[in-house]
Amino acid sequence: MADGAATDARGNGITGVIPILFAGALFVYFMSLVPTVASLEAIRWSVPWIPSLGIEFAFLVDGLSLTFCLLIAGIGTLVLLYSNTYLAGHPQYARFALFLTAFMVSMLGLVLADDLILLFVFWELTTLTSYMLIGFSHEAEKSRRNALQALFVTGAGGLAFLAGLILLAAASGTTSISGIIAQGDGLKAHAMYLPILILLLAGTFTKSAQVPFHFWLPNAMAAPTPVSAFLHSATMVKAGVYVMARMHPAMSGTDVWLWTLTILGAITAVFASLLSLRQTDLKQALAYTTLMALGTLTLFLGQESGYAMTAFATFLIVHSLYKAALFLIVGCIDKSTGTRETDQLGGLGRLMPITAIAAALAATSMAGFPPFLGFIGKELKYAGAIAVASEPIFVAGAVLLSNALMLAVAGVVAFRPFWRGQVGTGQSPKEAPWQMLAGPVILAILGALFGIYPDLLQVALVNPTVLSLTGEVEEAKELQLWAGVNIPLFLSIATFVLGLAIYAAHVKIRAMLDRGFNAIPNLDLKWDGFLDGLKALAAWQTRLVQTGKLSSYLFATFFTIAAGIILTLAYTGMPPLAADFSDVEWKHTSIAALICAGALLTLFTSSRIAAIAALGVVGIGIALIFIVFSAPDVAITQLLVETLIVVLVAVVMLRLPSLPKATFNLKHAVLSVAVGASITLMLIEVVATPLDLRLTEYFEVTSWPEAYGRNIVNVILVDFRALDTFGEIAVVVIAALSAYALLRTTRKGDQQ
Amino acid sequence: MNSVILRAGTSYLAGLLLVFSVYMMLRGHNEPGGGFIGGLTGATGFVLYAIGCSVGEARKALRVLPQTIAIWGLFIALAAGLFAAVFGDALFTGQWLFIGETEDDKGLPLSSVLVFDIGVYLVVFGSVLTLVFAMEEEI
């Protein structure tokens, strides 16, 4: 893994510095938008992109998108600063920085996009760039496999997502997201509401790794740690959550929405926190807590109450802050000790004091202790859960259980390695350089700062976000450390007690969980089975269709042609054969005779060169037909192509032994006659119908005045339909290169 | 193929065909011809040369790899299409410049359409030769 590269505080020179400055500049820019958004205004910017379809390059800065932008650009800056040291001297750092920056920009585009199609473009860009990042250590097979898995799962979801977006655009008559939201409740009553919802959720659930699509996310930890910190804490996995939040005003409030999001969110949250406690690898443990956070966020998006929305906005920020910090800290630990196994870590507090303090700050926020933002977030979560009118106990129970487990995991990840007794690892761990400490320290301090001064966050981001989600800023509830003695407070105390108990007994619980989880099917292994099955199916059908025998390919092709024509004629009914042979001249009959002679000679000769030449005669006869009916361009092309084909075939054929004696093959004979007869019938049929001359007349009239050309065929090729021609010549190049590659490979194969 | 007559003939014929192919391409806009036909004609010249002498000599005479020519052709065609964007027109809109234009004479027309046709010529020329040379060498 790339994590093993030696730490070098000097970084990677200019390729390391530019991305940091770029991300920093973006962050500063988005900060400058905070006052506008805090005054509850939205900024919209757009230029037409595909005006004929009403698609715009439209961007919208409101509370929701700005919150995401600040998290993305802010954490992005810190992560790039961190990576520059973490991967110092890595031979492919430039590539890494490019992917990470590209990912950041795609993510910013995703949250800013105010047009469904634009949203989708950025959505897919994040999928692609994250594929590159997860598979960054591409020498490792595991890394490639996991990257591909993430790509397939999110890519398949992306297809469903696209279908959902198209239906949505069709149902609402616009691709503008703010336009759709402005239509109010209309969408919920639309007949296509359910299909749209299912397709969109298929996209967001795969992207945000909700059960049962959760298995790819922990595997994505194959990426270098800074990538995990960025993609799998603050950004990519939240893309799905973001889209659900964005569509919340237009789509929430129905029973399907409520129950799908609530139940799957709750299951994901509890299931993931249990899995998290089971892990002994720090990074894996964090990966599962990310799943838990995503489940919780989804759970809240299911609701409509102001408490739930405030809880969503707050927890979104809280989670990004502490999770990114903890991931970066795990990277520091990994770098200095060479391991991420909890059982092998201990006593790091004295050796890495700054890391330890940052970890402690982040972990207490994660565990939800006062006075951290995490505590406020947790109180709000309980308030939000109780506000669920239908099933408060189910929701509150799920939140309570996952929070208690979260507290225990926070202890395992960020407390135990630092403060329990010394464990010998054979290395002498020391503090990471400042570039790697900056991120965790700043993020952890922000968690504490916002906890003590929640008003900062309230006005700047939470209120505008709630406004984006509900349309009314009054729905935003106050963030406060001390909300008085109420049910959330009791639930908090219950969380602490339960969480500390789980932490105390976590080694035992882990053993129990191991037994429990081994009993249920492992979707990750099923995934490999699924892929293997798919490959076997592909191999089977390839063997079936691609026999490798030229005669069977030709038979299949011609059989299809003949059968298609005959069936069509049988279906439409054979028209009377009213062909008029009165204007046939001797030049026509002589050409026909020439072609027939060529064909017969090809069939009966036993010399290859004679067969090729006879085939050439057929081609030249057809060129003569074009000349007789005054299509010189087509005739010239036909002649040239015919010449080249004869040369090419001769080159190949002359190296083969002479033809075996032709034997009569009834199957082939019947097929040949059938093809000839059906094509003849079809041509007679075609000539009998009157020719539509509208296009011909159009080109005759416009060719000279508009395109300054008198050769209509050429003008069509290079001007009127130049795009088609471009596509065709691209195909020509691809075909030539493929054939070239095939020929070359064969030779190499022979030599071996 | 070892034939003195063919070898002596093709070296002249190839050059002649090449000149003729350019002529066919240039006249294409108003008379039968064009990039596709021109490219095929030009390729025929080199194919003859490769058969008469050898593929090695034909490659030497060509100086550049045929696949490189094909790819450049594709690039030139694309560039000709994108050129329209400079003037704010849609992709592949023809751009024209008439040098020495008078009342009733259009003068010498230069256009992005011609550049596109040159791209087509190079693609066809390069692709055919890529195939033929490879076949001659490999089989």
# chains A, B, ... in the order shown; residues from 1 in each chain; ligands from 1

$ residues_around --residues "B:Leu6" --least-positions-apart "4" --cutoff "12 Å" --atoms "only C-alpha atoms" --output "ChimeraX atom specification"
/B:1-2,10-14,48-54

$ write_last_selection --atoms "N, CA and C atoms" --output "PDB file, in the first residue's frame"
ATOM      1  N   MET B   1       5.570 -10.014 -54.829  1.00  0.00           N
ATOM      2  CA  MET B   1       5.541 -10.465 -56.214  1.00  0.00           C
ATOM      3  C   MET B   1       6.803  -9.990 -56.912  1.00  0.00           C
ATOM      4  N   ASN B   2       7.514 -10.903 -57.526  1.00  0.00           N
ATOM      5  CA  ASN B   2       8.793 -10.502 -58.121  1.00  0.00           C
ATOM      6  C   ASN B   2       8.641 -10.300 -59.618  1.00  0.00           C
ATOM      7  N   THR B  10       5.202   0.482 -61.069  1.00  0.00           N
ATOM      8  CA  THR B  10       4.478   1.015 -59.915  1.00  0.00           C
ATOM      9  C   THR B  10       5.138   2.248 -59.316  1.00  0.00           C
ATOM     10  N   SER B  11       6.463   2.337 -59.378  1.00  0.00           N
ATOM     11  CA  SER B  11       7.078   3.505 -58.737  1.00  0.00           C
ATOM     12  C   SER B  11       6.594   4.797 -59.404  1.00  0.00           C
ATOM     13  N   TYR B  12       6.353   4.731 -60.725  1.00  0.00           N
ATOM     14  CA  TYR B  12       5.794   5.906 -61.394  1.00  0.00           C
ATOM     15  C   TYR B  12       4.287   6.007 -61.150  1.00  0.00           C
ATOM     16  N   LEU B  13       3.659   4.842 -61.259  1.00  0.00           N
ATOM     17  CA  LEU B  13       2.203   4.816 -61.133  1.00  0.00           C
ATOM     18  C   LEU B  13       1.777   5.298 -59.734  1.00  0.00           C
ATOM     19  N   ALA B  14       2.537   4.902 -58.726  1.00  0.00           N
ATOM     20  CA  ALA B  14       2.184   5.288 -57.368  1.00  0.00           C
ATOM     21  C   ALA B  14       2.192   6.799 -57.224  1.00  0.00           C
ATOM     22  N   LEU B  48      -0.233  -0.684 -54.479  1.00  0.00           N
ATOM     23  CA  LEU B  48       0.474  -1.162 -55.679  1.00  0.00           C
ATOM     24  C   LEU B  48       1.967  -1.200 -55.430  1.00  0.00           C
ATOM     25  N   TYR B  49       2.451  -0.128 -54.849  1.00  0.00           N
ATOM     26  CA  TYR B  49       3.882  -0.015 -54.575  1.00  0.00           C
ATOM     27  C   TYR B  49       4.324  -1.134 -53.638  1.00  0.00           C
ATOM     28  N   ALA B  50       3.502  -1.399 -52.615  1.00  0.00           N
ATOM     29  CA  ALA B  50       3.851  -2.440 -51.650  1.00  0.00           C
ATOM     30  C   ALA B  50       3.867  -3.810 -52.323  1.00  0.00           C
ATOM     31  N   ILE B  51       2.948  -4.027 -53.269  1.00  0.00           N
ATOM     32  CA  ILE B  51       2.924  -5.322 -53.947  1.00  0.00           C
ATOM     33  C   ILE B  51       4.085  -5.428 -54.929  1.00  0.00           C
ATOM     34  N   GLY B  52       4.311  -4.350 -55.686  1.00  0.00           N
ATOM     35  CA  GLY B  52       5.352  -4.362 -56.695  1.00  0.00           C
ATOM     36  C   GLY B  52       6.732  -4.476 -56.094  1.00  0.00           C
ATOM     37  N   CYS B  53       7.023  -3.669 -55.090  1.00  0.00           N
ATOM     38  CA  CYS B  53       8.353  -3.715 -54.468  1.00  0.00           C
ATOM     39  C   CYS B  53       8.252  -4.538 -53.197  1.00  0.00           C
ATOM     40  N   SER B  54       8.042  -3.867 -52.056  1.00  0.00           N
ATOM     41  CA  SER B  54       7.834  -4.617 -50.822  1.00  0.00           C
ATOM     42  C   SER B  54       7.180  -3.672 -49.824  1.00  0.00           C
TER      43      SER B  54
END

$ select_by_dssp --residues "stretch 22-153 of chain A" --states "strand (DSSP E or B)" --output "PyMOL selection string"
chain A and resi 43-50+55-61+113+115

$ closest_atom_pairs --of "chain B" --to "chain A" --cutoff "7 Å" --atoms "only C-alpha atoms" --output "tab-separated table"
residue	atom	partner	partner_atom	distance
B:Gly28	CA	A:Asn714	CA	6.3
B:His29	CA	A:Gly709	CA	5.1
B:Asn30	CA	A:Arg710	CA	4.2
B:Glu31	CA	A:Asn711	CA	5.4
B:Pro32	CA	A:Asp633	CA	5.1
B:Gly33	CA	A:Asp633	CA	6.1
B:Gly34	CA	A:Asn714	CA	6.2
B:Ile37	CA	A:Thr637	CA	5.7
B:Leu40	CA	A:Leu640	CA	6.3
B:Thr41	CA	A:Leu640	CA	6.8
B:Thr44	CA	A:Leu644	CA	6.8
B:Ala70	CA	A:Val733	CA	6.3
B:Ile71	CA	A:Val733	CA	6.9
B:Leu74	CA	A:Ala730	CA	6.5
B:Phe92	CA	A:Ala722	CA	6.2
B:Gly94	CA	A:Asp719	CA	6.3
B:Val113	CA	A:Val718	CA	6.1
B:Phe116	CA	A:Val718	CA	6.7
B:Asp117	CA	A:Val718	CA	6.3
B:Val120	CA	A:Ile729	CA	6.6
B:Val123	CA	A:Ile729	CA	6.5
B:Ser127	CA	A:Ala736	CA	5.2
B:Thr130	CA	A:Ala736	CA	6.4
B:Leu131	CA	A:Ala736	CA	5.9
B:Val132	CA	A:Leu648	CA	6.6
B:Ala134	CA	A:Tyr740	CA	6.2
B:Glu136	CA	A:Val651	CA	6.5
B:Glu138	CA	A:Leu743	CA	6.4
B:Ile139	CA	A:Val652	CA	6.6

$ select_by_dssp --residues "stretch 377-594 of chain A" --states "helix (DSSP H, G or I)" --output "PyMOL selection string"
chain A and resi 377-386+392-419+434-452+454-470+473-475+487-504+506-519+523-545+550-572+586-594

$ residues_around --residues "stretch 266-283 of chain A" --least-positions-apart "2" --cutoff "7 Å" --atoms "only C-alpha atoms" --output "PDB file with C-alpha atoms, in the first residue's frame"
ATOM      1  CA  GLN A 210     -27.470   2.096   2.750  1.00  0.00           C
ATOM      2  CA  VAL A 211     -28.345  -1.500   3.599  1.00  0.00           C
ATOM      3  CA  THR A 262     -37.015   5.653   8.162  1.00  0.00           C
ATOM      4  CA  ILE A 263     -36.783   1.886   8.146  1.00  0.00           C
ATOM      5  CA  LEU A 264     -33.745   1.492   5.896  1.00  0.00           C
ATOM      6  CA  ALA A 285     -14.252   0.644  12.487  1.00  0.00           C
ATOM      7  CA  LEU A 286     -14.482   4.250  11.313  1.00  0.00           C
ATOM      8  CA  ALA A 287     -15.788   3.132   7.943  1.00  0.00           C
ATOM      9  CA  TYR A 288     -18.726   1.435   9.582  1.00  0.00           C
ATOM     10  CA  THR A 289     -19.442   4.407  11.821  1.00  0.00           C
ATOM     11  CA  LEU A 291     -22.388   4.017   7.517  1.00  0.00           C
ATOM     12  CA  MET A 292     -24.117   4.599  10.815  1.00  0.00           C
ATOM     13  CA  ALA A 293     -24.009   8.342  10.258  1.00  0.00           C
ATOM     14  CA  GLY A 295     -28.200   5.781   8.094  1.00  0.00           C
ATOM     15  CA  THR A 296     -29.045   8.370  10.722  1.00  0.00           C
ATOM     16  CA  LEU A 299     -33.573   8.395   8.883  1.00  0.00           C
ATOM     17  CA  PHE A 327      -9.649   9.322   9.805  1.00  0.00           C
ATOM     18  CA  VAL A 330      -5.783   7.034  12.195  1.00  0.00           C
ATOM     19  CA  ARG A 340      -4.046   0.046  12.707  1.00  0.00           C
ATOM     20  CA  GLU A 341      -4.968  -2.970  14.839  1.00  0.00           C
ATOM     21  CA  THR A 342      -6.478  -1.836  18.144  1.00  0.00           C
ATOM     22  CA  ALA A 398     -32.741   3.045  16.886  1.00  0.00           C
ATOM     23  CA  LEU A 401     -28.855   2.173  20.326  1.00  0.00           C
ATOM     24  CA  SER A 402     -26.681   3.482  17.518  1.00  0.00           C
ATOM     25  CA  LEU A 405     -22.620   1.981  20.156  1.00  0.00           C
ATOM     26  CA  MET A 406     -21.047   5.072  18.631  1.00  0.00           C
ATOM     27  CA  VAL A 409     -16.571   2.877  19.134  1.00  0.00           C
ATOM     28  CA  VAL A 413     -10.821   4.183  18.167  1.00  0.00           C
ATOM     29  CA  ARG A 510     -17.006  -8.348  19.853  1.00  0.00           C
ATOM     30  CA  LEU A 513     -20.896 -10.258  17.398  1.00  0.00           C
ATOM     31  CA  ASP A 514     -18.405 -12.345  15.461  1.00  0.00           C
TER      32      ASP A 514
END

$ residues_around --residues "B:Leu108" --least-positions-apart "4" --cutoff "9 Å" --atoms "only C-alpha atoms" --output "PyMOL selection string"
chain B and resi 97-101
